[in-house]
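> The following file, final.pdb, comprises PDB, C-alpha atoms and all ligand atoms:
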MODEL        1
ATOM      1  CA  MET A   1     -29.259   4.144 -10.840
ATOM      2  CA  LEU A   2     -28.847   7.238  -8.652
ATOM      3  CA  GLU A   3     -28.912   5.009  -5.578
ATOM      4  CA  GLU A   4     -26.376   2.693  -7.233
ATOM      5  CA  LEU A   5     -24.151   5.635  -8.088
ATOM      6  CA  GLY A   6     -24.425   7.007  -4.557
ATOM      7  CA  GLU A   7     -25.551  10.388  -5.893
ATOM      8  CA  PRO A   8     -27.938  12.480  -3.769
ATOM      9  CA  TYR A   9     -31.467  12.714  -5.164
ATOM     10  CA  GLN A  10     -35.009  13.549  -4.182
ATOM     11  CA  ILE A  11     -38.038  11.583  -5.321
ATOM     12  CA  GLU A  12     -41.349  13.148  -6.215
ATOM     13  CA  LYS A  13     -43.962  10.447  -6.658
ATOM     14  CA  VAL A  14     -46.435  10.992  -9.501
ATOM     15  CA  LEU A  15     -49.091   8.324  -9.976
ATOM     16  CA  THR A  16     -49.827   7.215 -13.506
ATOM     17  CA  GLY A  17     -53.009   5.253 -12.750
ATOM     18  CA  ASP A  18     -55.047   8.237 -11.516
ATOM     19  CA  GLY A  19     -54.150  10.567 -14.391
ATOM     20  CA  SER A  20     -51.791  12.747 -12.306
ATOM     21  CA  THR A  21     -49.217  12.835 -15.098
ATOM     22  CA  ARG A  22     -51.794  14.480 -17.360
ATOM     23  CA  ARG A  23     -52.634  17.281 -14.909
ATOM     24  CA  LYS A  24     -51.475  20.876 -15.159
ATOM     25  CA  LYS A  25     -48.825  20.612 -12.457
ATOM     26  CA  HIS A  26     -47.037  17.720 -14.138
ATOM     27  CA  LEU A  27     -47.611  18.985 -17.692
ATOM     28  CA  ALA A  28     -45.716  22.131 -16.709
ATOM     29  CA  VAL A  29     -42.715  19.889 -16.037
ATOM     30  CA  ASN A  30     -43.224  17.379 -18.852
ATOM     31  CA  PRO A  31     -45.736  18.349 -21.560
ATOM     32  CA  LYS A  32     -45.725  14.700 -22.699
ATOM     33  CA  GLY A  33     -47.701  13.946 -19.532
ATOM     34  CA  GLN A  34     -45.450  11.080 -18.501
ATOM     35  CA  VAL A  35     -42.844   9.875 -16.056
ATOM     36  CA  PRO A  36     -39.960   9.465 -15.563
ATOM     37  CA  VAL A  37     -38.562  12.993 -15.441
ATOM     38  CA  LEU A  38     -35.132  13.892 -14.114
ATOM     39  CA  ASP A  39     -34.734  17.492 -13.011
ATOM     40  CA  LEU A  40     -31.060  18.320 -13.075
ATOM     41  CA  GLY A  41     -31.642  21.601 -11.269
ATOM     42  CA  GLY A  42     -33.368  23.682 -13.917
ATOM     43  CA  GLU A  43     -32.636  21.460 -16.902
ATOM     44  CA  VAL A  44     -35.262  18.742 -17.291
ATOM     45  CA  LEU A  45     -34.644  15.380 -18.934
ATOM     46  CA  THR A  46     -37.379  12.965 -20.031
ATOM     47  CA  GLU A  47     -37.313   9.467 -21.611
ATOM     48  CA  VAL A  48     -35.832   6.524 -19.745
ATOM     49  CA  SER A  49     -33.098   5.991 -22.316
ATOM     50  CA  ALA A  50     -31.961   9.648 -22.284
ATOM     51  CA  ILE A  51     -31.984   9.744 -18.470
ATOM     52  CA  MET A  52     -30.014   6.505 -18.245
ATOM     53  CA  LEU A  53     -27.500   7.611 -20.876
ATOM     54  CA  HIS A  54     -27.040  10.909 -19.071
ATOM     55  CA  LEU A  55     -26.301   9.046 -15.823
ATOM     56  CA  THR A  56     -23.873   6.790 -17.660
ATOM     57  CA  LEU A  57     -22.010   9.669 -19.283
ATOM     58  CA  ALA A  58     -22.121  12.015 -16.290
ATOM     59  CA  TYR A  59     -21.115   9.482 -13.649
ATOM     60  CA  GLY A  60     -19.157   6.952 -15.714
ATOM     61  CA  ALA A  61     -21.363   3.964 -14.946
ATOM     62  CA  ASN A  62     -19.685   0.672 -15.668
ATOM     63  CA  ILE A  63     -19.712   0.539 -19.486
ATOM     64  CA  ASP A  64     -16.854  -0.780 -21.635
ATOM     65  CA  LEU A  65     -16.156   1.827 -24.321
ATOM     66  CA  ASP A  66     -13.338  -0.168 -25.927
ATOM     67  CA  ALA A  67     -15.486  -3.099 -26.986
ATOM     68  CA  SER A  68     -16.681  -3.294 -30.574
ATOM     69  CA  PRO A  69     -19.407  -2.373 -30.933
ATOM     70  CA  ASN A  70     -18.917  -0.042 -28.010
ATOM     71  CA  LYS A  71     -21.079  -1.184 -25.046
ATOM     72  CA  LEU A  72     -22.764   2.203 -24.987
ATOM     73  CA  VAL A  73     -24.120   1.407 -28.442
ATOM     74  CA  ARG A  74     -25.431  -1.898 -27.064
ATOM     75  CA  ALA A  75     -27.054  -0.002 -24.197
ATOM     76  CA  VAL A  76     -28.842   2.249 -26.719
ATOM     77  CA  GLU A  77     -29.898  -0.832 -28.673
ATOM     78  CA  TRP A  78     -31.426  -2.410 -25.536
ATOM     79  CA  MET A  79     -33.110   0.712 -24.212
ATOM     80  CA  ASN A  80     -34.617   1.771 -27.568
ATOM     81  CA  TRP A  81     -35.990  -1.713 -28.028
ATOM     82  CA  LEU A  82     -37.470  -1.774 -24.543
ATOM     83  CA  SER A  83     -39.124   1.632 -24.824
ATOM     84  CA  SER A  84     -40.420   1.361 -28.392
ATOM     85  CA  GLY A  85     -40.722  -2.365 -29.106
ATOM     86  CA  VAL A  86     -41.939  -3.446 -25.679
ATOM     87  CA  HIS A  87     -43.340  -0.507 -23.681
ATOM     88  CA  ALA A  88     -45.027   1.523 -26.443
ATOM     89  CA  GLY A  89     -46.064  -1.716 -28.187
ATOM     90  CA  PRO A  90     -47.438  -4.748 -26.335
ATOM     91  CA  VAL A  91     -47.315  -3.263 -22.808
ATOM     92  CA  THR A  92     -49.485  -0.316 -23.906
ATOM     93  CA  GLN A  93     -51.798  -2.703 -25.758
ATOM     94  CA  CYS A  94     -52.304  -4.743 -22.564
ATOM     95  CA  TRP A  95     -52.624  -1.872 -20.089
ATOM     96  CA  ASN A  96     -54.023   0.979 -22.160
ATOM     97  CA  PRO A  97     -56.212  -0.388 -24.963
ATOM     98  CA  ALA A  98     -58.209   2.860 -24.789
ATOM     99  CA  ARG A  99     -55.152   4.611 -26.258
ATOM    100  CA  LEU A 100     -55.562   2.499 -29.381
ATOM    101  CA  THR A 101     -59.311   2.610 -29.983
ATOM    102  CA  ASP A 102     -62.340   4.641 -28.944
ATOM    103  CA  ASP A 103     -64.492   1.522 -29.101
ATOM    104  CA  PRO A 104     -64.541  -0.340 -25.734
ATOM    105  CA  ASP A 105     -65.873  -3.431 -27.551
ATOM    106  CA  HIS A 106     -62.411  -3.837 -29.095
ATOM    107  CA  HIS A 107     -60.452  -3.603 -25.858
ATOM    108  CA  SER A 108     -60.351  -7.304 -25.057
ATOM    109  CA  SER A 109     -59.137  -8.333 -28.513
ATOM    110  CA  ILE A 110     -56.443  -5.610 -28.445
ATOM    111  CA  GLN A 111     -55.367  -6.873 -25.013
ATOM    112  CA  ALA A 112     -55.311 -10.506 -26.143
ATOM    113  CA  LYS A 113     -53.124  -9.616 -29.113
ATOM    114  CA  GLY A 114     -50.946  -7.465 -26.843
ATOM    115  CA  ARG A 115     -50.408 -10.386 -24.520
ATOM    116  CA  ALA A 116     -49.384 -12.664 -27.391
ATOM    117  CA  ARG A 117     -46.972  -9.990 -28.679
ATOM    118  CA  LEU A 118     -45.632  -9.521 -25.157
ATOM    119  CA  ARG A 119     -44.866 -13.222 -24.872
ATOM    120  CA  ASP A 120     -43.065 -13.173 -28.259
ATOM    121  CA  VAL A 121     -40.924 -10.200 -27.338
ATOM    122  CA  TYR A 122     -40.210 -11.582 -23.852
ATOM    123  CA  ASN A 123     -39.020 -14.799 -25.510
ATOM    124  CA  LEU A 124     -36.628 -12.710 -27.603
ATOM    125  CA  ILE A 125     -35.348 -10.993 -24.454
ATOM    126  CA  GLU A 126     -34.916 -14.374 -22.746
ATOM    127  CA  GLY A 127     -32.836 -15.523 -25.731
ATOM    128  CA  ARG A 128     -30.526 -12.531 -25.302
ATOM    129  CA  MET A 129     -30.061 -12.827 -21.553
ATOM    130  CA  PRO A 130     -26.561 -13.904 -20.492
ATOM    131  CA  LYS A 131     -26.234 -17.297 -18.771
ATOM    132  CA  ALA A 132     -24.295 -15.514 -16.038
ATOM    133  CA  GLY A 133     -23.314 -11.951 -15.253
ATOM    134  CA  TYR A 134     -25.026  -8.786 -16.433
ATOM    135  CA  THR A 135     -26.413  -7.869 -19.817
ATOM    136  CA  LEU A 136     -23.401  -5.872 -20.994
ATOM    137  CA  GLY A 137     -20.810  -7.740 -18.907
ATOM    138  CA  GLY A 138     -20.589  -5.425 -15.888
ATOM    139  CA  PHE A 139     -23.679  -3.982 -14.171
ATOM    140  CA  SER A 140     -25.013  -1.120 -16.318
ATOM    141  CA  VAL A 141     -28.088   1.062 -16.878
ATOM    142  CA  VAL A 142     -29.666  -1.702 -18.953
ATOM    143  CA  ASP A 143     -29.982  -4.070 -15.973
ATOM    144  CA  PRO A 144     -32.408  -2.082 -13.790
ATOM    145  CA  CYS A 145     -34.492  -1.372 -16.908
ATOM    146  CA  LEU A 146     -34.801  -5.104 -17.479
ATOM    147  CA  LEU A 147     -35.744  -5.589 -13.838
ATOM    148  CA  GLY A 148     -38.670  -3.212 -14.366
ATOM    149  CA  TYR A 149     -39.872  -5.174 -17.387
ATOM    150  CA  PHE A 150     -39.487  -8.425 -15.438
ATOM    151  CA  ARG A 151     -41.817  -7.004 -12.796
ATOM    152  CA  TRP A 152     -44.291  -5.934 -15.456
ATOM    153  CA  GLY A 153     -44.248  -9.470 -16.876
ATOM    154  CA  ASN A 154     -45.366 -10.780 -13.475
ATOM    155  CA  ARG A 155     -47.989  -8.060 -13.164
ATOM    156  CA  LEU A 156     -49.312  -8.877 -16.632
ATOM    157  CA  GLY A 157     -49.744 -12.513 -15.638
ATOM    158  CA  LEU A 158     -46.794 -14.137 -17.430
ATOM    159  CA  GLU A 159     -45.084 -17.048 -15.670
ATOM    160  CA  MET A 160     -41.757 -15.259 -15.407
ATOM    161  CA  ARG A 161     -40.031 -17.777 -13.125
ATOM    162  CA  SER A 162     -40.850 -20.901 -15.112
ATOM    163  CA  ASP A 163     -40.916 -19.532 -18.659
ATOM    164  CA  PHE A 164     -37.950 -17.156 -18.554
ATOM    165  CA  PRO A 165     -35.212 -18.888 -16.495
ATOM    166  CA  ASN A 166     -32.218 -16.857 -17.711
ATOM    167  CA  TRP A 167     -34.078 -13.613 -17.132
ATOM    168  CA  THR A 168     -35.118 -14.873 -13.673
ATOM    169  CA  ALA A 169     -31.456 -15.601 -12.819
ATOM    170  CA  HIS A 170     -30.557 -12.087 -13.992
ATOM    171  CA  CYS A 171     -33.365 -10.646 -11.840
ATOM    172  CA  LEU A 172     -32.225 -12.565  -8.726
ATOM    173  CA  GLN A 173     -28.697 -11.304  -9.250
ATOM    174  CA  ILE A 174     -29.899  -7.691  -9.422
ATOM    175  CA  LEU A 175     -32.112  -8.181  -6.370
ATOM    176  CA  ASP A 176     -28.983  -9.064  -4.391
ATOM    177  CA  ARG A 177     -27.579  -5.570  -4.897
ATOM    178  CA  PRO A 178     -27.895  -3.423  -1.758
ATOM    179  CA  ALA A 179     -28.927  -0.299  -3.722
ATOM    180  CA  VAL A 180     -31.726  -2.233  -5.407
ATOM    181  CA  GLN A 181     -32.920  -3.604  -2.066
ATOM    182  CA  THR A 182     -32.905  -0.086  -0.603
ATOM    183  CA  VAL A 183     -34.991   1.334  -3.451
ATOM    184  CA  LEU A 184     -37.535  -1.508  -3.496
ATOM    185  CA  LYS A 185     -37.965  -1.164   0.243
ATOM    186  CA  LYS A 186     -38.333   2.622   0.073
ATOM    187  CA  GLU A 187     -40.900   2.342  -2.708
ATOM    188  CA  GLY A 188     -42.688  -0.641  -1.139
ATOM    189  CA  LEU A 189     -42.326  -2.615  -4.379
ATOM    190  CA  SER A 190     -41.852  -6.268  -5.191
ATOM    191  CA  VAL A 191     -40.809  -7.583  -8.592
ATOM    192  CA  TRP A 192     -42.941 -10.701  -8.078
ATOM    193  CA  GLU A 193     -46.350  -8.998  -8.049
TER     194      GLU A 193
HETATM  195  N1  LIG B   1     -41.081   6.873 -24.027
HETATM  196  C1  LIG B   1     -41.198   7.171 -22.613
HETATM  197  C2  LIG B   1     -42.454   6.495 -22.104
HETATM  198  C3  LIG B   1     -42.808   6.947 -20.707
HETATM  199  C4  LIG B   1     -44.111   6.343 -20.235
HETATM  200  O1  LIG B   1     -44.907   5.770 -21.010
HETATM  201  N2  LIG B   1     -44.355   6.441 -18.922
HETATM  202  C5  LIG B   1     -45.564   5.922 -18.335
HETATM  203  C6  LIG B   1     -45.244   5.240 -17.015
HETATM  204  S1  LIG B   1     -44.274   3.819 -17.236
HETATM  205  C7  LIG B   1     -46.493   7.081 -18.029
HETATM  206  O2  LIG B   1     -46.062   8.121 -17.559
HETATM  207  N3  LIG B   1     -47.780   6.866 -18.248
HETATM  208  C8  LIG B   1     -48.801   7.810 -17.942
HETATM  209  C9  LIG B   1     -49.479   8.351 -19.161
HETATM  210  O3  LIG B   1     -48.996   8.123 -20.302
HETATM  211  O4  LIG B   1     -50.515   8.994 -18.975
HETATM  212  C10 LIG B   1     -39.950   6.673 -21.870
HETATM  213  O5  LIG B   1     -39.317   5.711 -22.337
HETATM  214  O6  LIG B   1     -39.593   7.264 -20.829
ENDMDL
END
Just dump the structure as structure tokens.
Ligand SMILES: N[C@@H](CCC(=O)N[C@@H](CS)C(=O)NCC(=O)O)C(=O)O


Amino acid sequence: MLEELGEPYQIEKVLTGDGSTRRKKHLAVNPKGQVPVLDLGGEVLTEVSAIMLHLTLAYGANIDLDASPNKLVRAVEWMNWLSSGVHAGPVTQCWNPARLTDDPDHHSSIQAKGRARLRDVYNLIEGRMPKAGYTLGGFSVVDPCLLGYFRWGNRLGLEMRSDFPNWTAHCLQILDRPAVQTVLKKEGLSVWE
């Protein structure tokens, strides 16, 4: 979003897979031991939805406040659902079963159930994707969040292209945006793997 908004920013990469977010250096910044974190120059913001709402309010990202319900309310609806109903739920079940049980014998059944739940919730997202255009009409903070979850679907082995056509069209549209291309290139990321 910062790239989209044309605001200057600096990235500090913190790996999640090697436990870096749980080390002293990062805990001093975010005691939750997680990313993302946005340092506003002394004031630190955590939680994707809070960071995205801050960027929307501070830089007037393209959100229609006259609609009813206000599109900002819809953005909160989307981002809360993604972070609690998708990320903390089935995504965590698939990727971090050890967070849910101390018994490694139960990991595969937790993951299998997580995958089934992921498919159900991804079907719900697919049903809410617009046939054309962006999620809230104009491009907004919700769209790059959905791009991230699209990538995770591919990484978790779902057939995103064939099973979620509206979401795939939405993803292709976002991938056309120069700011998105710049960031993916800088980070060396692909949404397809
Ligand atoms: N509720 C937080 C969740 C943040 C979160 O789970 N971040 C993951 C990366 S996507 C993380 O830092 N994982 C490392 C860990 O929990 O140790 C949000 O929406 O920002």

> If the limit is 6 Å from any atom of ligand LIG 1 (chain B), counting only C-alpha atoms and all ligand atoms, which residues qualify? Return them as a list in words.

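Using only C-alpha atoms and all ligand atoms, everything at most 6 Å from ligand LIG 1 (chain B) comes to Thr16, Thr21, Arg22, Gly33, Gln34, Val35, Pro36, Glu47, Val48 and Ser83 of chain A.
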
> List as a list in words the protein and nucleic acid residues near A:Cys171, meaning an atom at most 10 Å away when only C-alpha atoms are counted, but skip any in the same chain fewer than 2 places from it.

Tyr134, Asp143, Pro144, Leu146, Leu147, Gly148, Phe150, Arg151, Arg161, Pro165, Asn166, Trp167, Thr168, Ala169, Gln173, Ile174, Leu175, Asp176 and Val191 of chain A

> Enumerate, as a PDB file with C-alpha atoms, keeping the file's coordinate frame, the protein, DNA and RNA residues whose atoms approach (-30.7, 20.6, -9.3) to within 12 Å, taking into account all atoms listed in the file and the coordinate frame of the file.


ATOM      1  CA  GLU A   7     -25.551  10.388  -5.893  1.00  0.00           C
ATOM      2  CA  PRO A   8     -27.938  12.480  -3.769  1.00  0.00           C
ATOM      3  CA  TYR A   9     -31.467  12.714  -5.164  1.00  0.00           C
ATOM      4  CA  GLN A  10     -35.009  13.549  -4.182  1.00  0.00           C
ATOM      5  CA  LEU A  38     -35.132  13.892 -14.114  1.00  0.00           C
ATOM      6  CA  ASP A  39     -34.734  17.492 -13.011  1.00  0.00           C
ATOM      7  CA  LEU A  40     -31.060  18.320 -13.075  1.00  0.00           C
ATOM      8  CA  GLY A  41     -31.642  21.601 -11.269  1.00  0.00           C
ATOM      9  CA  GLY A  42     -33.368  23.682 -13.917  1.00  0.00           C
ATOM     10  CA  GLU A  43     -32.636  21.460 -16.902  1.00  0.00           C
ATOM     11  CA  VAL A  44     -35.262  18.742 -17.291  1.00  0.00           C
ATOM     12  CA  LEU A  45     -34.644  15.380 -18.934  1.00  0.00           C
TER      13      LEU A  45
END

> Interatomic distance between atom CA of A:Glu187 and atom CA of A:Val14?

12.3 Å

> Between atom CA of A:Leu5 and atom CA of A:Gly153, what distance in Å does the model show, to one decimal?

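Atom CA of A:Gly153 lies 26.6 Å from atom CA of A:Leu5.
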
> Using all atoms listed in the file, determine which residues lie at most 9 Å from stretch 51-56 of chain A, disregarding the query and same-chain residues fewer than 4 positions distant; provide the list as a PDB file with C-alpha atoms, in the coordinates of the input.


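Dumped to out-v7.pdb:
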ATOM      1  CA  MET A   1     -29.259   4.144 -10.840  1.00  0.00           C
ATOM      2  CA  LEU A   2     -28.847   7.238  -8.652  1.00  0.00           C
ATOM      3  CA  LEU A   5     -24.151   5.635  -8.088  1.00  0.00           C
ATOM      4  CA  PRO A  36     -39.960   9.465 -15.563  1.00  0.00           C
ATOM      5  CA  VAL A  37     -38.562  12.993 -15.441  1.00  0.00           C
ATOM      6  CA  LEU A  38     -35.132  13.892 -14.114  1.00  0.00           C
ATOM      7  CA  LEU A  45     -34.644  15.380 -18.934  1.00  0.00           C
ATOM      8  CA  THR A  46     -37.379  12.965 -20.031  1.00  0.00           C
ATOM      9  CA  GLU A  47     -37.313   9.467 -21.611  1.00  0.00           C
ATOM     10  CA  GLY A  60     -19.157   6.952 -15.714  1.00  0.00           C
ATOM     11  CA  ALA A  61     -21.363   3.964 -14.946  1.00  0.00           C
ATOM     12  CA  ASN A  62     -19.685   0.672 -15.668  1.00  0.00           C
ATOM     13  CA  ILE A  63     -19.712   0.539 -19.486  1.00  0.00           C
ATOM     14  CA  LEU A  72     -22.764   2.203 -24.987  1.00  0.00           C
ATOM     15  CA  ALA A  75     -27.054  -0.002 -24.197  1.00  0.00           C
ATOM     16  CA  VAL A  76     -28.842   2.249 -26.719  1.00  0.00           C
ATOM     17  CA  MET A  79     -33.110   0.712 -24.212  1.00  0.00           C
ATOM     18  CA  SER A 140     -25.013  -1.120 -16.318  1.00  0.00           C
ATOM     19  CA  VAL A 141     -28.088   1.062 -16.878  1.00  0.00           C
ATOM     20  CA  VAL A 142     -29.666  -1.702 -18.953  1.00  0.00           C
TER      21      VAL A 142
END

> In Å, rounded to a single decimal, give me how far atom CA of A:Pro97 is from atom CA of A:Gln111.

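Between these atoms lies a distance of 6.5 Å.
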
> A:Arg155, A:His107, A:His170, A:Arg117: which is nearest A:Met129, counting all atoms listed in the file?

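Ranking A:Arg155, A:His107, A:His170, A:Arg117 by distance to A:Met129, first place goes to A:His170.
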
> Please evaluate the PyMOL selection byres (((chain A and resi 95) around 10) and not hetatm) against the structure above and give the resulting residues as JSON, numbers by chain.

{"A": [90, 91, 92, 93, 94, 96, 97, 98, 99, 107, 110, 111, 114, 115, 156]}

> How would the residues just picked look written out with C-alpha atoms as an mmCIF file, in the frame of the given file?


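Everything below was put into out-v6.cif:
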data_model
loop_
_atom_site.group_PDB
_atom_site.id
_atom_site.type_symbol
_atom_site.label_atom_id
_atom_site.label_comp_id
_atom_site.auth_asym_id
_atom_site.auth_seq_id
_atom_site.Cartn_x
_atom_site.Cartn_y
_atom_site.Cartn_z
ATOM 1 C CA PRO A 90 -47.438 -4.748 -26.335
ATOM 2 C CA VAL A 91 -47.315 -3.263 -22.808
ATOM 3 C CA THR A 92 -49.485 -0.316 -23.906
ATOM 4 C CA GLN A 93 -51.798 -2.703 -25.758
ATOM 5 C CA CYS A 94 -52.304 -4.743 -22.564
ATOM 6 C CA ASN A 96 -54.023 0.979 -22.160
ATOM 7 C CA PRO A 97 -56.212 -0.388 -24.963
ATOM 8 C CA ALA A 98 -58.209 2.860 -24.789
ATOM 9 C CA ARG A 99 -55.152 4.611 -26.258
ATOM 10 C CA HIS A 107 -60.452 -3.603 -25.858
ATOM 11 C CA ILE A 110 -56.443 -5.610 -28.445
ATOM 12 C CA GLN A 111 -55.367 -6.873 -25.013
ATOM 13 C CA GLY A 114 -50.946 -7.465 -26.843
ATOM 14 C CA ARG A 115 -50.408 -10.386 -24.520
ATOM 15 C CA LEU A 156 -49.312 -8.877 -16.632
#

> Once 4 Å is added on each side, what centre and edge lengths in Å to one decimal does the axis-aligned box around all listed atoms of stretch 135-143 of chain A have, as lines of an AutoDock Vina configuration file?


center_x = -25.3
center_y = -3.4
center_z = -17.6
size_x = 17.4
size_y = 16.9
size_z = 14.8

> When you count all atoms listed in the file, which of these residues is closest to A:Trp81: A:Ala58, A:Leu124, A:Leu15, A:Leu100?

A:Leu124

> Restricting the calculation to all atoms listed in the file, which member of A:Gly6, A:Gly89, A:Pro69, A:Gly17 is positioned closest to A:Ala116?

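The shortest atom-to-atom distance to A:Ala116 comes from A:Gly89.
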
> Since the input lacks some atoms of stretch 60-76 of chain A, please model N, CA and C atoms and print them as a PDB file, in the frame of the given file.


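Final file, result23.pdb:
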ATOM      1  N   GLY A  60     -20.037   8.049 -15.297  1.00  0.00           N
ATOM      2  CA  GLY A  60     -19.157   6.952 -15.714  1.00  0.00           C
ATOM      3  C   GLY A  60     -19.590   5.599 -15.207  1.00  0.00           C
ATOM      4  N   ALA A  61     -20.907   5.298 -15.349  1.00  0.00           N
ATOM      5  CA  ALA A  61     -21.363   3.964 -14.946  1.00  0.00           C
ATOM      6  C   ALA A  61     -20.569   2.926 -15.739  1.00  0.00           C
ATOM      7  N   ASN A  62     -20.582   1.723 -15.211  1.00  0.00           N
ATOM      8  CA  ASN A  62     -19.685   0.672 -15.668  1.00  0.00           C
ATOM      9  C   ASN A  62     -19.952   0.184 -17.107  1.00  0.00           C
ATOM     10  N   ILE A  63     -19.451   0.933 -18.100  1.00  0.00           N
ATOM     11  CA  ILE A  63     -19.712   0.539 -19.486  1.00  0.00           C
ATOM     12  C   ILE A  63     -18.385   0.505 -20.251  1.00  0.00           C
ATOM     13  N   ASP A  64     -18.120  -0.608 -20.927  1.00  0.00           N
ATOM     14  CA  ASP A  64     -16.854  -0.780 -21.635  1.00  0.00           C
ATOM     15  C   ASP A  64     -16.901  -0.050 -22.989  1.00  0.00           C
ATOM     16  N   LEU A  65     -16.121   1.032 -23.089  1.00  0.00           N
ATOM     17  CA  LEU A  65     -16.156   1.827 -24.321  1.00  0.00           C
ATOM     18  C   LEU A  65     -15.186   1.296 -25.371  1.00  0.00           C
ATOM     19  N   ASP A  66     -14.332   0.348 -24.973  1.00  0.00           N
ATOM     20  CA  ASP A  66     -13.338  -0.168 -25.927  1.00  0.00           C
ATOM     21  C   ASP A  66     -13.848  -1.365 -26.724  1.00  0.00           C
ATOM     22  N   ALA A  67     -14.961  -1.935 -26.271  1.00  0.00           N
ATOM     23  CA  ALA A  67     -15.486  -3.099 -26.986  1.00  0.00           C
ATOM     24  C   ALA A  67     -15.976  -2.671 -28.367  1.00  0.00           C
ATOM     25  N   SER A  68     -16.129  -3.614 -29.259  1.00  0.00           N
ATOM     26  CA  SER A  68     -16.681  -3.294 -30.574  1.00  0.00           C
ATOM     27  C   SER A  68     -17.819  -4.280 -30.893  1.00  0.00           C
ATOM     28  N   PRO A  69     -19.053  -3.767 -31.090  1.00  0.00           N
ATOM     29  CA  PRO A  69     -19.407  -2.373 -30.933  1.00  0.00           C
ATOM     30  C   PRO A  69     -19.324  -1.954 -29.467  1.00  0.00           C
ATOM     31  N   ASN A  70     -18.949  -0.708 -29.308  1.00  0.00           N
ATOM     32  CA  ASN A  70     -18.917  -0.042 -28.010  1.00  0.00           C
ATOM     33  C   ASN A  70     -20.150  -0.424 -27.164  1.00  0.00           C
ATOM     34  N   LYS A  71     -19.953  -0.717 -25.877  1.00  0.00           N
ATOM     35  CA  LYS A  71     -21.079  -1.184 -25.046  1.00  0.00           C
ATOM     36  C   LYS A  71     -22.149  -0.112 -24.870  1.00  0.00           C
ATOM     37  N   LEU A  72     -21.760   1.141 -25.068  1.00  0.00           N
ATOM     38  CA  LEU A  72     -22.764   2.203 -24.987  1.00  0.00           C
ATOM     39  C   LEU A  72     -23.759   2.059 -26.136  1.00  0.00           C
ATOM     40  N   VAL A  73     -23.246   1.645 -27.286  1.00  0.00           N
ATOM     41  CA  VAL A  73     -24.120   1.407 -28.442  1.00  0.00           C
ATOM     42  C   VAL A  73     -25.073   0.255 -28.129  1.00  0.00           C
ATOM     43  N   ARG A  74     -24.567  -0.766 -27.470  1.00  0.00           N
ATOM     44  CA  ARG A  74     -25.431  -1.898 -27.064  1.00  0.00           C
ATOM     45  C   ARG A  74     -26.486  -1.436 -26.053  1.00  0.00           C
ATOM     46  N   ALA A  75     -26.084  -0.515 -25.180  1.00  0.00           N
ATOM     47  CA  ALA A  75     -27.054  -0.002 -24.197  1.00  0.00           C
ATOM     48  C   ALA A  75     -28.180   0.735 -24.925  1.00  0.00           C
ATOM     49  N   VAL A  76     -27.821   1.527 -25.934  1.00  0.00           N
ATOM     50  CA  VAL A  76     -28.842   2.249 -26.719  1.00  0.00           C
ATOM     51  C   VAL A  76     -29.744   1.234 -27.425  1.00  0.00           C
TER      52      VAL A  76
END
